[in-house]
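Novice: Can you keep this structure in mind? I'll have questions shortly.
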2 protein chains.
Amino acid sequence: MAGEETPKSIEPVTKEDSPMTEDLAKEEITHSEKDLPITDEACTRVMIAVNQCSKGYPKPSISSRAAFDWIVKNLIKPCCKKRYKLLILHVQVLDEDEDGHLSSSMFSGLKELDSVYASPSDFQHLRHEERAKGASLIQYFIQKCHDSEIECEGWIKMGDPKAVVCEEVKKKNPDMLVLGSRGLGTIQRMFVAGVSSYVTKHVDCPVIVIKRDPKDIPDDPMND
Amino acid sequence: MAGEETPKSIEPVTKEDSPMTEDLAKEEITHSEKDLPITDEACTRVMIAVNQCSKGYPKPSISSRAAFDWIVKNLIKPCCKKRYKLLILHVQVLDEDEDGHLSSSMFSGLKELDSVYASPSDFQHLRHEERAKGASLIQYFIQKCHDSEIECEGWIKMGDPKAVVCEEVKKKNPDMLVLGSRGLGTIQRMFVAGVSSYVTKHVDCPVIVIKRDPKDIPDDPMND
């Protein structure tokens, strides 16, 4: 981030060969301000929050896949893959019982909440029931990164997506966060727009919300 | 954008060597859905809207420079500069006379509103009064791109920044739009937050708002 760089003086654009007039040249930029070296080659850490489609695991939502594809098309060019690391978070929502109480019983004994996945081989030892949940979703994206030789790391948290995404951004401190948005729809839009607008307001890092193309809305909303 | 790609089938993550169980393998991803090829090497067009500091031209605002620096640090890596083009827009705000009427007299006869700047040499023939306005601000960023061998194009429009940025996004159809935000402050924050939140809601392309680091607020607000 800009604030982490060592302050250095800014070279004014007024050079000997500059067409800028003298009076403007006097408008010198103060040395206390900062400017990043344009040759900075640090690794950029891109965080993405993904979720499953309405049918459930393991299929990712269209908007999550669109956000992932956007990253690969617009951020991580094949010629400089090594300069990026993808951080893939999935927030598994808690079940509600008949009385409206939240239940975490489905998570009891699962290793997945303590795990960090970085390669397809990390999924080989999962139990059957674990594969049917968040890990299978993370596996989808880890496999895609692996196929494309993009360094990555995936993990699962449970709770309210809004709050958990903000907490994880604070912990991981990525250079940017990418969120998919269903873009259109009714109840779904209200939910998803809620997450992305809440997160955008509450995290410090830049947030990129990828709105889904209206023509990508599936005929069967369960495929969404 | 994802919607422009030719639809193709999605390869399920369940391969022979995949740890995924059979029941999950049946959850095949439908062929009507889209997936971008991970090897796409198209040029990414990044649009940035820049403004001057409170003191006036030619000095750029700190948030505009921070947004530019963020692009250079996090998007355009030195190893793949040729895959990006920076589109630099400056919206010059109209003057208001004593009766509250907007005046465009300061623009009369200026070539800058019809011009597209792509190289420092494009500024050599500007008249004195033109250099004192928007063109001098655009020149600052064109020079930085030129020094770093980043392909670019800058242009100036006049009017209400909110509306004009949205119009120009529609015309130019960039892959993403980057906006700097003062992040903190009082009246300034209200104005800038207004622009970025309005634009984020009203354009189709992904918008990245770069919040300024609170410690980058200058002692003299006129340097902002």
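Following the order of the structure tokens, chains are lettered A, B, ..., residues in each are numbered from 1, and ligands are numbered from 1.
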Do a neighbour search on region 174-179 of chain A at 9 Å with only C-alpha atoms, toss out local chain neighbours closer than 3 positions, and write the hits as a list in words.
Specialist: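 So the residues in contact are Met1, Thr44, Arg45, Val46, Met47, Ile48, Ala49, Val50, Ser63, Ser64, Ala67, Phe68, Ile71, Leu87, Val169, Lys170, Lys171, Ser196, Cys205, Pro206, Val207, Ile208, Val209, Ile210 and Lys211 of chain A; Asn74 of chain B.
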Novice: Using backbone DSSP assignments, extract all strand (DSSP E or B) residues from region 131-176 of chain A; output them as a PyMOL selection string.
Specialist: chain A and resi 151-158+176
Novice: Nearest to chain A: which of B:Val116, B:Lys215, B:Val91, B:Leu86 is it, counting only C-alpha atoms?
Specialist: B:Lys215
Novice: Which of these, A:Leu89, A:Ala135, A:Ala42, A:Cys80, has the shortest distance to Pro58 (chain A) once you count only C-alpha atoms?
Specialist: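 Closest residue, counting only C-alpha atoms: A:Ala135.
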Novice: Using only C-alpha atoms, determine which residues lie at most 9 Å from region 161-167 of chain A, disregarding the query and same-chain residues fewer than 5 positions distant; provide the list as a PyMOL selection string.
Specialist: chain A and resi 49+89-93+172+194-196+198-199+202-203
Novice: Would you save the residues of that selection, restricted to all heavy atoms, as a compact mmCIF listing (two decimals), in the first residue's frame?
Specialist:
# COMPACT_ATOMS: atom_id res chain seq x y z
N ALA A 49 -13.45 -13.73 -2.28
CA ALA A 49 -14.40 -14.48 -1.44
C ALA A 49 -15.36 -15.20 -2.38
O ALA A 49 -15.95 -14.57 -3.26
CB ALA A 49 -15.15 -13.52 -0.52
N LEU A 89 -11.04 -17.30 -0.07
CA LEU A 89 -11.81 -17.50 1.17
C LEU A 89 -13.22 -17.97 0.84
O LEU A 89 -13.88 -17.42 -0.04
CB LEU A 89 -11.89 -16.17 1.94
CG LEU A 89 -12.92 -16.10 3.08
CD1 LEU A 89 -12.56 -17.05 4.22
CD2 LEU A 89 -13.04 -14.66 3.61
N HIS A 90 -13.66 -18.98 1.58
CA HIS A 90 -15.09 -19.33 1.51
C HIS A 90 -15.67 -19.25 2.92
O HIS A 90 -15.14 -19.84 3.85
CB HIS A 90 -15.29 -20.73 0.95
CG HIS A 90 -16.72 -21.21 1.11
ND1 HIS A 90 -17.79 -20.48 0.61
CD2 HIS A 90 -17.25 -22.29 1.73
CE1 HIS A 90 -18.91 -21.10 0.91
NE2 HIS A 90 -18.62 -22.19 1.59
N VAL A 91 -16.77 -18.52 3.05
CA VAL A 91 -17.46 -18.45 4.34
C VAL A 91 -18.68 -19.37 4.29
O VAL A 91 -19.60 -19.16 3.49
CB VAL A 91 -17.89 -17.01 4.69
CG1 VAL A 91 -18.50 -16.97 6.09
CG2 VAL A 91 -16.72 -16.06 4.59
N GLN A 92 -18.65 -20.39 5.13
CA GLN A 92 -19.74 -21.36 5.21
C GLN A 92 -20.77 -20.80 6.20
O GLN A 92 -20.42 -20.45 7.33
CB GLN A 92 -19.15 -22.70 5.68
CG GLN A 92 -19.92 -23.90 5.22
CD GLN A 92 -19.06 -25.16 5.18
OE1 GLN A 92 -17.84 -25.11 4.94
NE2 GLN A 92 -19.66 -26.30 5.42
N VAL A 93 -22.01 -20.67 5.74
CA VAL A 93 -23.04 -20.04 6.59
C VAL A 93 -23.57 -21.07 7.58
O VAL A 93 -23.78 -22.24 7.24
CB VAL A 93 -24.18 -19.48 5.71
CG1 VAL A 93 -25.26 -18.83 6.57
CG2 VAL A 93 -23.62 -18.47 4.72
N LYS A 172 -5.40 -10.93 6.91
CA LYS A 172 -4.52 -11.28 5.79
C LYS A 172 -3.93 -10.06 5.09
O LYS A 172 -2.94 -10.19 4.37
CB LYS A 172 -5.30 -12.11 4.75
CG LYS A 172 -5.85 -13.42 5.28
CD LYS A 172 -4.79 -14.52 5.19
CE LYS A 172 -5.37 -15.85 5.66
NZ LYS A 172 -4.38 -16.93 5.58
N GLY A 194 -25.87 -6.50 -0.21
CA GLY A 194 -25.60 -6.21 1.18
C GLY A 194 -24.18 -6.57 1.58
O GLY A 194 -23.50 -5.78 2.20
N VAL A 195 -23.75 -7.74 1.18
CA VAL A 195 -22.39 -8.18 1.52
C VAL A 195 -21.36 -7.25 0.90
O VAL A 195 -20.49 -6.73 1.58
CB VAL A 195 -22.14 -9.65 1.08
CG1 VAL A 195 -20.66 -10.02 1.26
CG2 VAL A 195 -23.02 -10.60 1.87
N SER A 196 -21.48 -7.02 -0.41
CA SER A 196 -20.42 -6.26 -1.07
C SER A 196 -20.40 -4.79 -0.61
O SER A 196 -19.33 -4.22 -0.41
CB SER A 196 -20.51 -6.36 -2.59
OG SER A 196 -21.72 -5.83 -3.05
N TYR A 198 -21.46 -3.63 2.29
CA TYR A 198 -20.99 -3.60 3.68
C TYR A 198 -19.47 -3.74 3.73
O TYR A 198 -18.77 -2.96 4.39
CB TYR A 198 -21.65 -4.74 4.48
CG TYR A 198 -21.22 -4.79 5.93
CD1 TYR A 198 -21.95 -4.13 6.92
CD2 TYR A 198 -20.08 -5.51 6.31
CE1 TYR A 198 -21.55 -4.17 8.24
CE2 TYR A 198 -19.67 -5.55 7.64
CZ TYR A 198 -20.40 -4.88 8.61
OH TYR A 198 -20.00 -4.91 9.91
N VAL A 199 -18.98 -4.73 3.01
CA VAL A 199 -17.54 -5.00 3.03
C VAL A 199 -16.76 -3.81 2.46
O VAL A 199 -15.74 -3.38 3.02
CB VAL A 199 -17.22 -6.30 2.25
CG1 VAL A 199 -15.73 -6.47 2.04
CG2 VAL A 199 -17.80 -7.51 3.00
N HIS A 202 -16.36 -1.24 5.03
CA HIS A 202 -15.71 -1.57 6.29
C HIS A 202 -14.28 -2.08 6.20
O HIS A 202 -13.66 -2.33 7.22
CB HIS A 202 -16.57 -2.57 7.08
CG HIS A 202 -17.82 -1.94 7.63
ND1 HIS A 202 -18.96 -1.76 6.88
CD2 HIS A 202 -18.11 -1.41 8.85
CE1 HIS A 202 -19.89 -1.17 7.61
NE2 HIS A 202 -19.40 -0.94 8.80
N VAL A 203 -13.77 -2.29 5.01
CA VAL A 203 -12.37 -2.72 4.93
C VAL A 203 -11.51 -1.59 4.38
O VAL A 203 -12.00 -0.72 3.67
CB VAL A 203 -12.18 -4.01 4.08
CG1 VAL A 203 -12.99 -5.16 4.64
CG2 VAL A 203 -12.52 -3.77 2.61
Novice: Within 7 Å of Cys53 (chain B), counting only C-alpha atoms, which residues show up once you throw out same-chain ones fewer than 2 positions away? Write them as a short mmCIF file (atom, residue, chain, number, x, y, z; two decimals) with N, CA, C and O atoms, in the first residue's frame, please.
Specialist:
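In the end it all went to around20.cif:
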data_model
loop_
_atom_site.label_atom_id
_atom_site.label_comp_id
_atom_site.auth_asym_id
_atom_site.auth_seq_id
_atom_site.Cartn_x
_atom_site.Cartn_y
_atom_site.Cartn_z
N ASN B 51 -7.94 14.38 -10.58
CA ASN B 51 -8.27 15.80 -10.40
C ASN B 51 -7.08 16.55 -9.79
O ASN B 51 -6.11 15.95 -9.35
N LYS B 55 -5.22 23.68 -4.29
CA LYS B 55 -4.52 24.90 -4.71
C LYS B 55 -4.77 25.20 -6.18
O LYS B 55 -4.55 26.31 -6.63
N GLY B 56 -5.12 24.21 -6.90
CA GLY B 56 -5.37 24.40 -8.33
C GLY B 56 -4.33 23.74 -9.20
O GLY B 56 -3.42 23.06 -8.70
N LYS B 59 -0.91 20.96 -10.08
CA LYS B 59 -0.58 19.89 -9.13
C LYS B 59 -1.74 18.91 -8.98
O LYS B 59 -2.87 19.33 -8.70
N PRO B 60 -1.48 17.62 -9.11
CA PRO B 60 -2.56 16.64 -8.92
C PRO B 60 -2.90 16.48 -7.44
O PRO B 60 -2.08 16.73 -6.57
N SER B 61 -4.11 16.06 -7.14
CA SER B 61 -4.48 15.79 -5.75
C SER B 61 -3.72 14.57 -5.25
O SER B 61 -3.31 13.71 -6.05
N MET B 222 -4.74 22.86 1.48
CA MET B 222 -4.64 23.35 0.11
C MET B 222 -3.71 22.48 -0.72
O MET B 222 -3.69 22.56 -1.95
N ASN B 223 -2.91 21.67 -0.05
CA ASN B 223 -2.04 20.74 -0.80
C ASN B 223 -2.77 19.45 -1.12
O ASN B 223 -2.20 18.55 -1.73
N ASP B 224 -4.01 19.37 -0.67
CA ASP B 224 -4.76 18.11 -0.83
C ASP B 224 -5.20 17.93 -2.28
O ASP B 224 -5.52 18.87 -2.97
#
Novice: Of the residues A:Ser197, A:Ser181, A:Ser148, A:Ser54, which is the one nearest to chain B, using only C-alpha atoms?
Specialist: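 Looking at the shortest contact to chain B, the residue is A:Ser148.
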Novice: Using only C-alpha atoms, find the one residue out of B:Asp220, B:Asp160, B:Glu151, B:Asp69 that sits nearest to chain A.
Specialist: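 Checking each of B:Asp220, B:Asp160, B:Glu151, B:Asp69 against chain A, counting only C-alpha atoms, the winner is B:Asp69.
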Novice: Report as a VMD selection string all protein, DNA and RNA residues lying within 7 Å of Pro120 (chain B), evaluated on only C-alpha atoms, omitting residues in the same chain fewer than 2 positions from it.
Specialist: chain B and resid 122 to 123 139 142 to 143
Novice: Based on the selection just made, write all heavy atoms of those residues as a JSON list (two decimals), in the first residue's frame.
Specialist:
[["chain", "number", "residue", "atom", "x", "y", "z"],
["B", 122, "ASP", "N", 2.82, 15.85, -27.08],
["B", 122, "ASP", "CA", 1.50, 16.38, -27.45],
["B", 122, "ASP", "C", 1.17, 17.69, -26.73],
["B", 122, "ASP", "O", 0.19, 18.35, -27.06],
["B", 122, "ASP", "CB", 0.39, 15.36, -27.11],
["B", 122, "ASP", "CG", 0.48, 14.11, -27.96],
["B", 122, "ASP", "OD1", 1.15, 14.16, -29.01],
["B", 122, "ASP", "OD2", -0.11, 13.08, -27.57],
["B", 123, "PHE", "N", 1.98, 18.04, -25.73],
["B", 123, "PHE", "CA", 1.70, 19.25, -24.97],
["B", 123, "PHE", "C", 2.52, 20.45, -25.43],
["B", 123, "PHE", "O", 2.38, 21.55, -24.91],
["B", 123, "PHE", "CB", 1.95, 19.00, -23.46],
["B", 123, "PHE", "CG", 1.05, 17.94, -22.89],
["B", 123, "PHE", "CD1", 1.42, 16.60, -22.92],
["B", 123, "PHE", "CD2", -0.19, 18.28, -22.34],
["B", 123, "PHE", "CE1", 0.58, 15.62, -22.41],
["B", 123, "PHE", "CE2", -1.03, 17.30, -21.83],
["B", 123, "PHE", "CZ", -0.65, 15.97, -21.87],
["B", 139, "GLN", "N", -0.88, 16.31, -18.35],
["B", 139, "GLN", "CA", 0.53, 16.20, -18.72],
["B", 139, "GLN", "C", 1.35, 15.49, -17.64],
["B", 139, "GLN", "O", 2.23, 14.69, -17.94],
["B", 139, "GLN", "CB", 1.11, 17.60, -18.94],
["B", 139, "GLN", "CG", 2.58, 17.58, -19.38],
["B", 139, "GLN", "CD", 3.14, 18.97, -19.59],
["B", 139, "GLN", "OE1", 2.52, 19.97, -19.18],
["B", 139, "GLN", "NE2", 4.30, 19.05, -20.19],
["B", 142, "ILE", "N", 0.63, 11.77, -18.05],
["B", 142, "ILE", "CA", 1.14, 11.26, -19.33],
["B", 142, "ILE", "C", 2.67, 11.12, -19.24],
["B", 142, "ILE", "O", 3.25, 10.14, -19.69],
["B", 142, "ILE", "CB", 0.76, 12.21, -20.50],
["B", 142, "ILE", "CG1", -0.76, 12.28, -20.66],
["B", 142, "ILE", "CG2", 1.45, 11.79, -21.80],
["B", 142, "ILE", "CD1", -1.42, 11.06, -21.24],
["B", 143, "GLN", "N", 3.29, 12.13, -18.60],
["B", 143, "GLN", "CA", 4.75, 12.08, -18.44],
["B", 143, "GLN", "C", 5.16, 10.86, -17.61],
["B", 143, "GLN", "O", 6.13, 10.17, -17.93],
["B", 143, "GLN", "CB", 5.24, 13.38, -17.77],
["B", 143, "GLN", "CG", 6.75, 13.48, -17.61],
["B", 143, "GLN", "CD", 7.46, 13.69, -18.95],
["B", 143, "GLN", "OE1", 7.11, 14.60, -19.70],
["B", 143, "GLN", "NE2", 8.44, 12.85, -19.27]]
